[in-house]
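Peer 1: Structure: run-v8.txt, compact mmCIF, C-alpha atoms.
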```
# COMPACT_ATOMS: atom_id res chain seq x y z
CA MET A 1 2.85 8.74 16.88
CA THR A 2 3.76 5.05 16.95
CA GLN A 3 1.04 2.97 18.61
CA HIS A 4 2.43 -0.11 20.39
CA VAL A 5 -0.25 -2.71 19.78
CA THR A 6 0.31 -6.07 18.13
CA ALA A 7 -0.86 -6.69 14.60
CA GLN A 8 -3.50 -9.10 15.85
CA GLU A 9 -4.79 -6.58 18.41
CA LEU A 10 -5.01 -3.89 15.74
CA ARG A 11 -6.93 -6.20 13.38
CA GLN A 12 -9.38 -7.00 16.17
CA ARG A 13 -9.91 -3.27 16.80
CA ILE A 14 -10.47 -2.69 13.10
CA ARG A 15 -12.90 -5.62 12.91
CA ARG A 16 -14.92 -4.15 15.81
CA GLY A 17 -14.95 -0.71 14.21
CA GLU A 18 -12.76 0.81 16.93
CA HIS A 19 -9.97 1.85 14.53
CA THR A 20 -11.10 3.54 11.33
CA GLY A 21 -8.17 5.71 10.24
CA ASN A 22 -4.71 5.28 8.78
CA THR A 23 -2.48 2.44 9.95
CA SER A 24 0.89 4.22 9.57
CA GLY A 25 2.82 4.02 12.84
CA PHE A 26 0.59 1.32 14.32
CA ALA A 27 1.70 -2.21 15.27
CA PRO A 28 5.43 -1.54 14.86
CA GLY A 29 7.47 -4.48 13.65
CA PHE A 30 4.81 -5.97 11.38
CA VAL A 31 4.41 -5.88 7.61
CA GLN A 32 1.54 -3.76 6.32
CA GLY A 33 0.06 -4.52 2.93
CA ASN A 34 -1.88 -2.97 0.07
CA LEU A 35 -4.93 -4.89 -1.09
CA CYS A 36 -6.32 -5.82 -4.50
CA ILE A 37 -9.22 -8.25 -4.97
CA LEU A 38 -10.30 -9.27 -8.48
CA PRO A 39 -12.50 -11.87 -10.18
CA LYS A 40 -10.51 -15.01 -11.03
CA ASP A 41 -10.66 -14.37 -14.79
CA TRP A 42 -8.68 -11.15 -14.21
CA ALA A 43 -6.29 -12.58 -11.61
CA ASN A 44 -3.61 -13.99 -13.92
CA ASP A 45 -3.21 -10.69 -15.77
CA PHE A 46 -2.85 -8.86 -12.47
CA LEU A 47 -0.36 -11.38 -11.12
CA GLN A 48 1.77 -10.87 -14.23
CA PHE A 49 1.48 -7.08 -13.85
CA CYS A 50 2.88 -7.41 -10.31
CA GLN A 51 5.70 -9.66 -11.46
CA LEU A 52 6.70 -7.20 -14.19
CA ASN A 53 6.50 -4.17 -11.85
CA PRO A 54 8.03 -5.36 -8.57
CA LYS A 55 8.91 -1.90 -7.19
CA PRO A 56 5.35 -0.45 -7.10
CA CYS A 57 3.64 -3.87 -6.85
CA PRO A 58 5.75 -6.17 -4.62
CA LEU A 59 3.63 -9.25 -3.92
CA VAL A 60 3.88 -10.48 -0.31
CA GLY A 61 0.86 -12.79 -0.26
CA MET A 62 -2.20 -14.02 -2.12
CA ALA A 63 -5.13 -16.34 -1.55
CA ALA A 64 -4.44 -19.94 -2.51
CA ASN A 65 -7.82 -20.32 -4.22
CA PRO A 66 -10.69 -18.11 -5.46
CA GLY A 67 -13.22 -17.29 -2.76
CA GLU A 68 -10.78 -17.67 0.13
CA TYR A 69 -10.74 -14.70 2.49
CA ARG A 70 -8.05 -16.02 4.81
CA ILE A 71 -4.30 -16.02 4.11
CA PRO A 72 -2.81 -18.03 7.02
CA ALA A 73 0.77 -17.14 6.08
CA LEU A 74 -0.01 -13.50 6.85
CA GLY A 75 -2.09 -14.05 10.00
CA GLU A 76 -3.90 -17.08 11.42
CA ASP A 77 -7.05 -15.19 12.38
CA LEU A 78 -6.87 -12.74 9.48
CA ASP A 79 -10.18 -12.11 7.68
CA ILE A 80 -9.64 -10.10 4.50
CA ARG A 81 -13.33 -9.02 4.53
CA SER A 82 -13.21 -7.07 7.79
CA ASP A 83 -9.62 -6.43 8.92
CA ILE A 84 -8.84 -3.28 6.90
CA PRO A 85 -10.12 0.11 8.15
CA SER A 86 -11.53 1.21 4.78
CA TYR A 87 -12.11 -0.50 1.44
CA ARG A 88 -12.79 0.93 -2.02
CA ILE A 89 -15.31 -0.77 -4.32
CA PHE A 90 -14.78 -0.31 -8.07
CA ARG A 91 -17.19 -1.24 -10.85
CA ASP A 92 -16.03 -0.96 -14.46
CA GLY A 93 -13.00 1.01 -13.26
CA GLU A 94 -15.07 3.61 -11.39
CA LEU A 95 -14.90 4.09 -7.62
CA VAL A 96 -18.50 3.64 -6.45
CA GLU A 97 -18.24 3.19 -2.68
CA GLU A 98 -15.97 3.18 0.38
CA VAL A 99 -16.94 0.76 3.14
CA ALA A 100 -15.55 -0.55 6.44
CA ASP A 101 -16.46 -4.20 5.73
CA ILE A 102 -16.79 -6.12 2.46
CA SER A 103 -18.64 -9.20 3.72
CA ASP A 104 -21.77 -8.17 1.81
CA HIS A 105 -19.71 -7.80 -1.39
CA TRP A 106 -17.87 -11.10 -1.11
CA ARG A 107 -18.08 -13.65 -3.94
CA ASP A 108 -16.75 -17.15 -4.48
CA ASP A 109 -14.80 -16.13 -7.59
CA LEU A 110 -12.71 -13.39 -5.94
CA VAL A 111 -8.91 -13.68 -5.68
CA THR A 112 -7.04 -11.64 -3.06
CA PHE A 113 -3.58 -10.12 -3.56
CA VAL A 114 -1.56 -8.39 -0.80
CA LEU A 115 1.29 -6.10 -1.88
CA GLY A 116 4.14 -4.69 0.20
CA CYS A 117 3.70 -1.21 1.69
CA SER A 118 6.10 1.63 2.42
CA PHE A 119 4.91 1.78 6.03
CA SER A 120 7.19 -1.22 6.65
CA PHE A 121 10.36 0.54 5.54
CA GLU A 122 9.36 3.67 7.48
CA GLU A 123 10.10 1.68 10.63
CA ALA A 124 13.64 0.95 9.39
CA LEU A 125 14.17 4.65 8.64
CA LEU A 126 12.95 5.67 12.09
CA ALA A 127 15.14 3.03 13.75
CA ASP A 128 18.16 4.59 12.05
CA GLY A 129 17.28 8.00 13.46
CA LEU A 130 15.79 9.50 10.29
CA GLU A 131 12.67 11.59 10.53
CA VAL A 132 9.61 10.45 8.58
CA ARG A 133 7.58 13.62 8.21
CA ASN A 134 4.13 12.06 7.80
CA VAL A 135 4.68 10.11 11.02
CA THR A 136 5.92 13.23 12.83
CA GLU A 137 2.92 15.24 11.66
CA GLY A 138 0.43 12.43 12.26
CA VAL A 139 -0.98 12.37 8.73
CA ASN A 140 -1.16 9.99 5.80
CA VAL A 141 1.89 9.95 3.52
CA PRO A 142 1.48 12.17 0.42
CA MET A 143 1.13 10.19 -2.83
CA TYR A 144 1.29 11.44 -6.41
CA ARG A 145 0.51 10.20 -9.91
CA THR A 146 3.60 10.37 -12.15
CA ASN A 147 4.62 10.01 -15.79
CA ILE A 148 6.74 6.91 -15.02
CA ALA A 149 5.34 4.14 -17.19
CA CYS A 150 4.72 0.68 -15.77
CA ASN A 151 5.31 -2.48 -17.79
CA SER A 152 2.04 -3.66 -19.31
CA ALA A 153 0.63 -7.14 -18.70
CA GLY A 154 -2.50 -8.40 -20.42
CA ARG A 155 -5.26 -5.90 -19.70
CA PHE A 156 -3.21 -3.94 -17.14
CA SER A 157 -1.05 -0.89 -17.85
CA GLY A 158 -0.59 2.63 -16.48
CA THR A 159 1.83 4.93 -14.73
CA MET A 160 3.45 4.68 -11.31
CA VAL A 161 2.13 6.30 -8.16
CA VAL A 162 4.83 7.45 -5.72
CA SER A 163 4.90 8.33 -2.04
CA MET A 164 7.04 11.25 -0.85
CA ARG A 165 9.05 11.97 2.29
CA PRO A 166 11.14 15.17 2.52
CA MET A 167 14.72 14.80 3.73
CA LYS A 168 18.06 16.57 3.83
CA ALA A 169 20.47 15.31 1.16
CA ALA A 170 22.60 13.28 3.59
CA ASP A 171 19.50 11.65 5.06
CA ALA A 172 18.20 10.86 1.58
CA ILE A 173 21.45 9.03 0.78
CA ARG A 174 21.13 7.04 3.99
CA ALA A 175 17.47 6.27 3.15
CA VAL A 176 18.58 4.80 -0.20
CA GLN A 177 21.04 2.54 1.62
CA ILE A 178 18.44 1.39 4.15
CA CYS A 179 15.56 0.82 1.76
CA THR A 180 17.65 -1.13 -0.74
CA ARG A 181 17.51 -3.92 1.85
CA PHE A 182 13.71 -4.11 1.53
CA PRO A 183 12.78 -4.90 -2.09
CA SER A 184 9.53 -6.54 -0.93
CA VAL A 185 8.29 -3.16 0.34
CA HIS A 186 9.25 -0.97 -2.63
CA GLY A 187 13.02 -0.89 -2.11
CA ALA A 188 15.11 2.22 -2.77
CA PRO A 189 13.55 5.53 -3.90
CA VAL A 190 12.79 5.98 -7.60
CA HIS A 191 13.46 9.74 -7.68
CA LEU A 192 14.97 12.56 -5.61
CA GLY A 193 14.55 16.27 -6.19
CA ASP A 194 12.58 18.14 -8.86
CA PRO A 195 9.01 16.73 -8.85
CA ALA A 196 8.34 18.05 -12.36
CA LEU A 197 10.82 15.55 -13.82
CA ILE A 198 8.43 12.72 -12.95
CA GLY A 199 5.28 14.62 -13.87
CA VAL A 200 4.29 15.93 -10.42
CA LYS A 201 3.00 19.44 -11.02
CA ASP A 202 2.20 20.60 -7.47
CA ILE A 203 4.05 19.00 -4.55
CA ALA A 204 1.65 20.75 -2.14
CA ALA A 205 -1.38 19.02 -3.69
CA PRO A 206 -0.97 15.23 -3.50
CA ASP A 207 -3.34 13.02 -5.49
CA PHE A 208 -3.75 10.73 -2.47
CA GLY A 209 -2.99 11.18 1.22
CA ASP A 210 -2.03 14.46 2.90
CA ALA A 211 0.48 17.22 2.21
CA VAL A 212 3.41 17.46 4.61
CA THR A 213 5.83 20.25 5.45
CA ILE A 214 8.96 20.51 3.30
CA LYS A 215 11.52 22.55 5.22
CA PRO A 216 14.21 24.77 3.66
CA GLY A 217 17.17 22.71 2.49
CA GLU A 218 15.16 19.49 2.12
CA LEU A 219 14.64 17.38 -1.00
CA PRO A 220 11.44 15.55 -1.81
CA VAL A 221 12.30 11.84 -1.92
CA PHE A 222 9.95 9.60 -3.89
CA TRP A 223 9.32 5.88 -3.50
CA ALA A 224 7.25 3.57 -5.71
CA CYS A 225 3.82 3.21 -4.08
CA GLY A 226 1.31 0.40 -3.77
CA VAL A 227 -1.53 2.67 -4.88
CA THR A 228 -0.13 2.14 -8.41
CA PRO A 229 -2.48 -0.82 -9.05
CA GLN A 230 -5.47 1.48 -8.52
CA VAL A 231 -4.33 3.58 -11.50
CA ALA A 232 -3.92 0.40 -13.55
CA LEU A 233 -7.40 -0.70 -12.49
CA GLU A 234 -8.88 2.62 -13.58
CA GLN A 235 -7.54 1.98 -17.08
CA ALA A 236 -8.22 -1.76 -17.31
CA ARG A 237 -11.79 -1.27 -16.02
CA PRO A 238 -12.52 -4.74 -14.63
CA PRO A 239 -16.23 -5.23 -13.95
CA PHE A 240 -15.60 -5.54 -10.21
CA CYS A 241 -12.63 -4.88 -7.92
CA ILE A 242 -11.91 -4.12 -4.27
CA THR A 243 -8.86 -2.27 -2.94
CA HIS A 244 -7.84 -0.66 0.33
CA SER A 245 -8.40 3.06 0.78
CA PRO A 246 -5.03 4.87 0.60
CA GLY A 247 -3.34 4.77 4.02
CA ALA A 248 -5.72 2.13 5.40
CA MET A 249 -3.65 -1.04 5.17
CA LEU A 250 -3.84 -4.70 6.03
CA VAL A 251 -1.58 -5.24 9.06
CA THR A 252 -0.14 -8.76 8.99
CA ASP A 253 1.68 -10.94 11.50
CA LEU A 254 4.72 -11.10 9.19
CA PRO A 255 7.73 -9.40 10.85
CA ASN A 256 9.28 -6.56 8.88
CA SER A 257 12.69 -8.08 9.58
CA ARG A 258 11.79 -11.13 7.51
CA LEU A 259 11.64 -8.95 4.38
CA ALA A 260 15.21 -7.67 4.73
CA VAL A 261 17.57 -9.21 2.17
CA MET A 262 20.85 -8.63 4.02
```
How does this structure look as structure tokens?
Peer 2:
Amino acid sequence: MTQHVTAQELRQRIRRGEHTGNTSGFAPGFVQGNLCILPKDWANDFLQFCQLNPKPCPLVGMAANPGEYRIPALGEDLDIRSDIPSYRIFRDGELVEEVADISDHWRDDLVTFVLGCSFSFEEALLADGLEVRNVTEGVNVPMYRTNIACNSAGRFSGTMVVSMRPMKAADAIRAVQICTRFPSVHGAPVHLGDPALIGVKDIAAPDFGDAVTIKPGELPVFWACGVTPQVALEQARPPFCITHSPGAMLVTDLPNSRLAVM
């Protein structure tokens, strides 16, 4: 269900520990972002990886300098250390901890990147009268590892992660038209139909998020997903990294409408 609170109100709730779950459907109208925080000596490689893979890794904001935990362009009061419901801590490419606040982990050499999220284009789909199944069912969107190779950059490489929403064929065509307008939040789908063609073996068992109902006559429709950097991080194995937990996004004050290209 859509929750009509402002982005700032939602961040305050998250900061106080009053909202701990997914952010899909909350604070309608505002851009939600995926998070990646790396030491500065890894930041240039990651920035290049994003630039070479704009569909899964569309950059919507980053800290101006190492150690900064505020990004005023995305929210005046925004504190990257506390305003996401759940963070993942990686050491040497291994997930070691999930926490609700990263203040105790913060360092002066850390660089923050915020990437566009599919939750933003979900709003455009809903506004056009299309059903978004994960919103209807009140669960996190299903996400899958694929065999679609990303372009390598420095120490970063890997395969794309996709999110999936089932739709009738006519609705899928309309979704392509709508999402093409939003390249900063993954743009048009990367695949429709047979999951096996992109290396997804079991559509009922997502690698991240929750399974959703696929009704008779519906196609699975796959979009590039901002969890892709986590797969690249697993392979690159930086000594330290922080990401969001899948589905637990940074909600910014940037209007979704500002990301539309036409």
Peer 1: Using all atoms listed in the file, which residues sit within 8 Å of Glu98 (chain A) once same-chain residues fewer than 3 positions away are excluded, as a PyMOL selection string?
Peer 2: chain A and resi 86-89+245
Peer 1: Mind pulling up the distance from CA of Ala188 (chain A) to CA of Cys36 (chain A)?
Peer 2: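 Interatomic distance, CA of Cys36 (chain A) to CA of Ala188 (chain A): 23.0 Å.
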Peer 1: Counting all atoms listed in the file, which residues have an atom no more than 12 Å from (8.1, 2.0, 3.1) in the file's coordinates? Please list them as a short mmCIF file (atom, residue, chain, number, x, y, z; two decimals) with C-alpha atoms, in the coordinates of the input.
Peer 2:
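So the final result, stored in point05.cif, reads:
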```cif
data_model
loop_
_atom_site.label_atom_id
_atom_site.label_comp_id
_atom_site.auth_asym_id
_atom_site.auth_seq_id
_atom_site.Cartn_x
_atom_site.Cartn_y
_atom_site.Cartn_z
CA SER A 24 0.89 4.22 9.57
CA GLY A 25 2.82 4.02 12.84
CA PHE A 30 4.81 -5.97 11.38
CA VAL A 31 4.41 -5.88 7.61
CA GLN A 32 1.54 -3.76 6.32
CA GLY A 33 0.06 -4.52 2.93
CA ASN A 34 -1.88 -2.97 0.07
CA LYS A 55 8.91 -1.90 -7.19
CA PRO A 56 5.35 -0.45 -7.10
CA PRO A 58 5.75 -6.17 -4.62
CA LEU A 115 1.29 -6.10 -1.88
CA GLY A 116 4.14 -4.69 0.20
CA CYS A 117 3.70 -1.21 1.69
CA SER A 118 6.10 1.63 2.42
CA PHE A 119 4.91 1.78 6.03
CA SER A 120 7.19 -1.22 6.65
CA PHE A 121 10.36 0.54 5.54
CA GLU A 122 9.36 3.67 7.48
CA GLU A 123 10.10 1.68 10.63
CA ALA A 124 13.64 0.95 9.39
CA LEU A 125 14.17 4.65 8.64
CA LEU A 126 12.95 5.67 12.09
CA VAL A 132 9.61 10.45 8.58
CA ASN A 134 4.13 12.06 7.80
CA VAL A 135 4.68 10.11 11.02
CA VAL A 141 1.89 9.95 3.52
CA VAL A 162 4.83 7.45 -5.72
CA SER A 163 4.90 8.33 -2.04
CA MET A 164 7.04 11.25 -0.85
CA ARG A 165 9.05 11.97 2.29
CA ALA A 175 17.47 6.27 3.15
CA VAL A 176 18.58 4.80 -0.20
CA ILE A 178 18.44 1.39 4.15
CA CYS A 179 15.56 0.82 1.76
CA THR A 180 17.65 -1.13 -0.74
CA ARG A 181 17.51 -3.92 1.85
CA PHE A 182 13.71 -4.11 1.53
CA PRO A 183 12.78 -4.90 -2.09
CA SER A 184 9.53 -6.54 -0.93
CA VAL A 185 8.29 -3.16 0.34
CA HIS A 186 9.25 -0.97 -2.63
CA GLY A 187 13.02 -0.89 -2.11
CA ALA A 188 15.11 2.22 -2.77
CA PRO A 189 13.55 5.53 -3.90
CA VAL A 221 12.30 11.84 -1.92
CA PHE A 222 9.95 9.60 -3.89
CA TRP A 223 9.32 5.88 -3.50
CA ALA A 224 7.25 3.57 -5.71
CA CYS A 225 3.82 3.21 -4.08
CA GLY A 226 1.31 0.40 -3.77
CA GLY A 247 -3.34 4.77 4.02
CA ASN A 256 9.28 -6.56 8.88
CA LEU A 259 11.64 -8.95 4.38
#
```
Peer 1: Phe156 (chain A): which residues within 7 Å, counting only C-alpha atoms, same-chain residues fewer than 3 positions away excluded, as an mmCIF file with C-alpha atoms, in the coordinates of the input?
Peer 2:
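selection29.cif written:
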```cif
data_model
loop_
_atom_site.group_PDB
_atom_site.id
_atom_site.type_symbol
_atom_site.label_atom_id
_atom_site.label_comp_id
_atom_site.auth_asym_id
_atom_site.auth_seq_id
_atom_site.Cartn_x
_atom_site.Cartn_y
_atom_site.Cartn_z
ATOM 1 C CA ASP A 45 -3.210 -10.690 -15.770
ATOM 2 C CA PHE A 46 -2.850 -8.860 -12.470
ATOM 3 C CA PHE A 49 1.480 -7.080 -13.850
ATOM 4 C CA SER A 152 2.040 -3.660 -19.310
ATOM 5 C CA ALA A 153 0.630 -7.140 -18.700
ATOM 6 C CA ALA A 232 -3.920 0.400 -13.550
ATOM 7 C CA ALA A 236 -8.220 -1.760 -17.310
#
```
Peer 1: Within 12 Å of Met62 (chain A), counting only C-alpha atoms, which residues qualify if same-chain residues fewer than 5 places away don't, as JSON, numbers by chain?
Peer 2: {"A": [33, 34, 35, 36, 37, 38, 43, 44, 46, 47, 50, 67, 68, 69, 70, 71, 72, 73, 74, 80, 110, 111, 112, 113, 114, 115, 116]}
Peer 1: Please, could N, CA, C and O atoms be added to region 73-93 of chain A and the result written as a tab-separated table (two decimals), keeping the file's coordinate frame?
Peer 2:
```
chain	number	residue	atom	x	y	z
A	73	ALA	N	-0.63	-17.54	6.02
A	73	ALA	CA	0.77	-17.14	6.08
A	73	ALA	C	0.94	-15.71	6.55
A	73	ALA	O	2.01	-15.33	7.05
A	74	LEU	N	-0.09	-14.90	6.43
A	74	LEU	CA	-0.01	-13.50	6.85
A	74	LEU	C	-0.70	-13.23	8.19
A	74	LEU	O	-0.56	-12.14	8.74
A	75	GLY	N	-1.42	-14.22	8.72
A	75	GLY	CA	-2.09	-14.05	10.00
A	75	GLY	C	-3.13	-15.14	10.18
A	75	GLY	O	-4.05	-15.26	9.36
A	76	GLU	N	-3.01	-15.93	11.25
A	76	GLU	CA	-3.90	-17.08	11.42
A	76	GLU	C	-5.37	-16.70	11.52
A	76	GLU	O	-6.23	-17.37	10.99
A	77	ASP	N	-5.66	-15.59	12.20
A	77	ASP	CA	-7.05	-15.19	12.38
A	77	ASP	C	-7.49	-14.15	11.37
A	77	ASP	O	-8.60	-13.62	11.44
A	78	LEU	N	-6.63	-13.85	10.41
A	78	LEU	CA	-6.87	-12.74	9.48
A	78	LEU	C	-8.09	-13.02	8.61
A	78	LEU	O	-8.22	-14.10	8.02
A	79	ASP	N	-9.01	-12.04	8.54
A	79	ASP	CA	-10.18	-12.11	7.68
A	79	ASP	C	-10.13	-10.92	6.73
A	79	ASP	O	-10.31	-9.78	7.16
A	80	ILE	N	-9.86	-11.17	5.46
A	80	ILE	CA	-9.64	-10.10	4.50
A	80	ILE	C	-10.88	-9.23	4.32
A	80	ILE	O	-10.81	-8.10	3.87
A	81	ARG	N	-12.07	-9.73	4.74
A	81	ARG	CA	-13.33	-9.02	4.53
A	81	ARG	C	-13.57	-7.91	5.56
A	81	ARG	O	-14.36	-7.01	5.31
A	82	SER	N	-12.87	-7.99	6.70
A	82	SER	CA	-13.21	-7.07	7.79
A	82	SER	C	-12.01	-6.43	8.48
A	82	SER	O	-12.20	-5.55	9.33
A	83	ASP	N	-10.78	-6.81	8.12
A	83	ASP	CA	-9.62	-6.43	8.92
A	83	ASP	C	-8.83	-5.26	8.35
A	83	ASP	O	-7.68	-5.04	8.73
A	84	ILE	N	-9.44	-4.50	7.44
A	84	ILE	CA	-8.84	-3.28	6.90
A	84	ILE	C	-9.78	-2.13	7.27
A	84	ILE	O	-11.00	-2.27	7.18
A	85	PRO	N	-9.25	-0.97	7.69
A	85	PRO	CA	-10.12	0.11	8.15
A	85	PRO	C	-11.09	0.64	7.09
A	85	PRO	O	-12.21	1.05	7.42
A	86	SER	N	-10.67	0.64	5.83
A	86	SER	CA	-11.53	1.21	4.78
A	86	SER	C	-11.20	0.56	3.44
A	86	SER	O	-10.03	0.45	3.08
A	87	TYR	N	-12.25	0.15	2.74
A	87	TYR	CA	-12.11	-0.50	1.44
A	87	TYR	C	-12.73	0.38	0.36
A	87	TYR	O	-13.69	1.12	0.61
A	88	ARG	N	-12.21	0.25	-0.86
A	88	ARG	CA	-12.79	0.93	-2.02
A	88	ARG	C	-13.38	-0.11	-2.97
A	88	ARG	O	-12.71	-1.09	-3.31
A	89	ILE	N	-14.62	0.11	-3.39
A	89	ILE	CA	-15.31	-0.77	-4.32
A	89	ILE	C	-15.32	-0.10	-5.69
A	89	ILE	O	-15.77	1.04	-5.83
A	90	PHE	N	-14.80	-0.81	-6.69
A	90	PHE	CA	-14.78	-0.31	-8.07
A	90	PHE	C	-15.68	-1.17	-8.95
A	90	PHE	O	-15.66	-2.41	-8.84
A	91	ARG	N	-16.43	-0.53	-9.82
A	91	ARG	CA	-17.19	-1.24	-10.85
A	91	ARG	C	-16.87	-0.60	-12.20
A	91	ARG	O	-16.97	0.62	-12.36
A	92	ASP	N	-16.43	-1.43	-13.13
A	92	ASP	CA	-16.03	-0.96	-14.46
A	92	ASP	C	-15.01	0.17	-14.37
A	92	ASP	O	-15.04	1.13	-15.14
A	93	GLY	N	-14.07	0.05	-13.41
A	93	GLY	CA	-13.00	1.01	-13.26
A	93	GLY	C	-13.37	2.28	-12.52
A	93	GLY	O	-12.52	3.14	-12.32
```
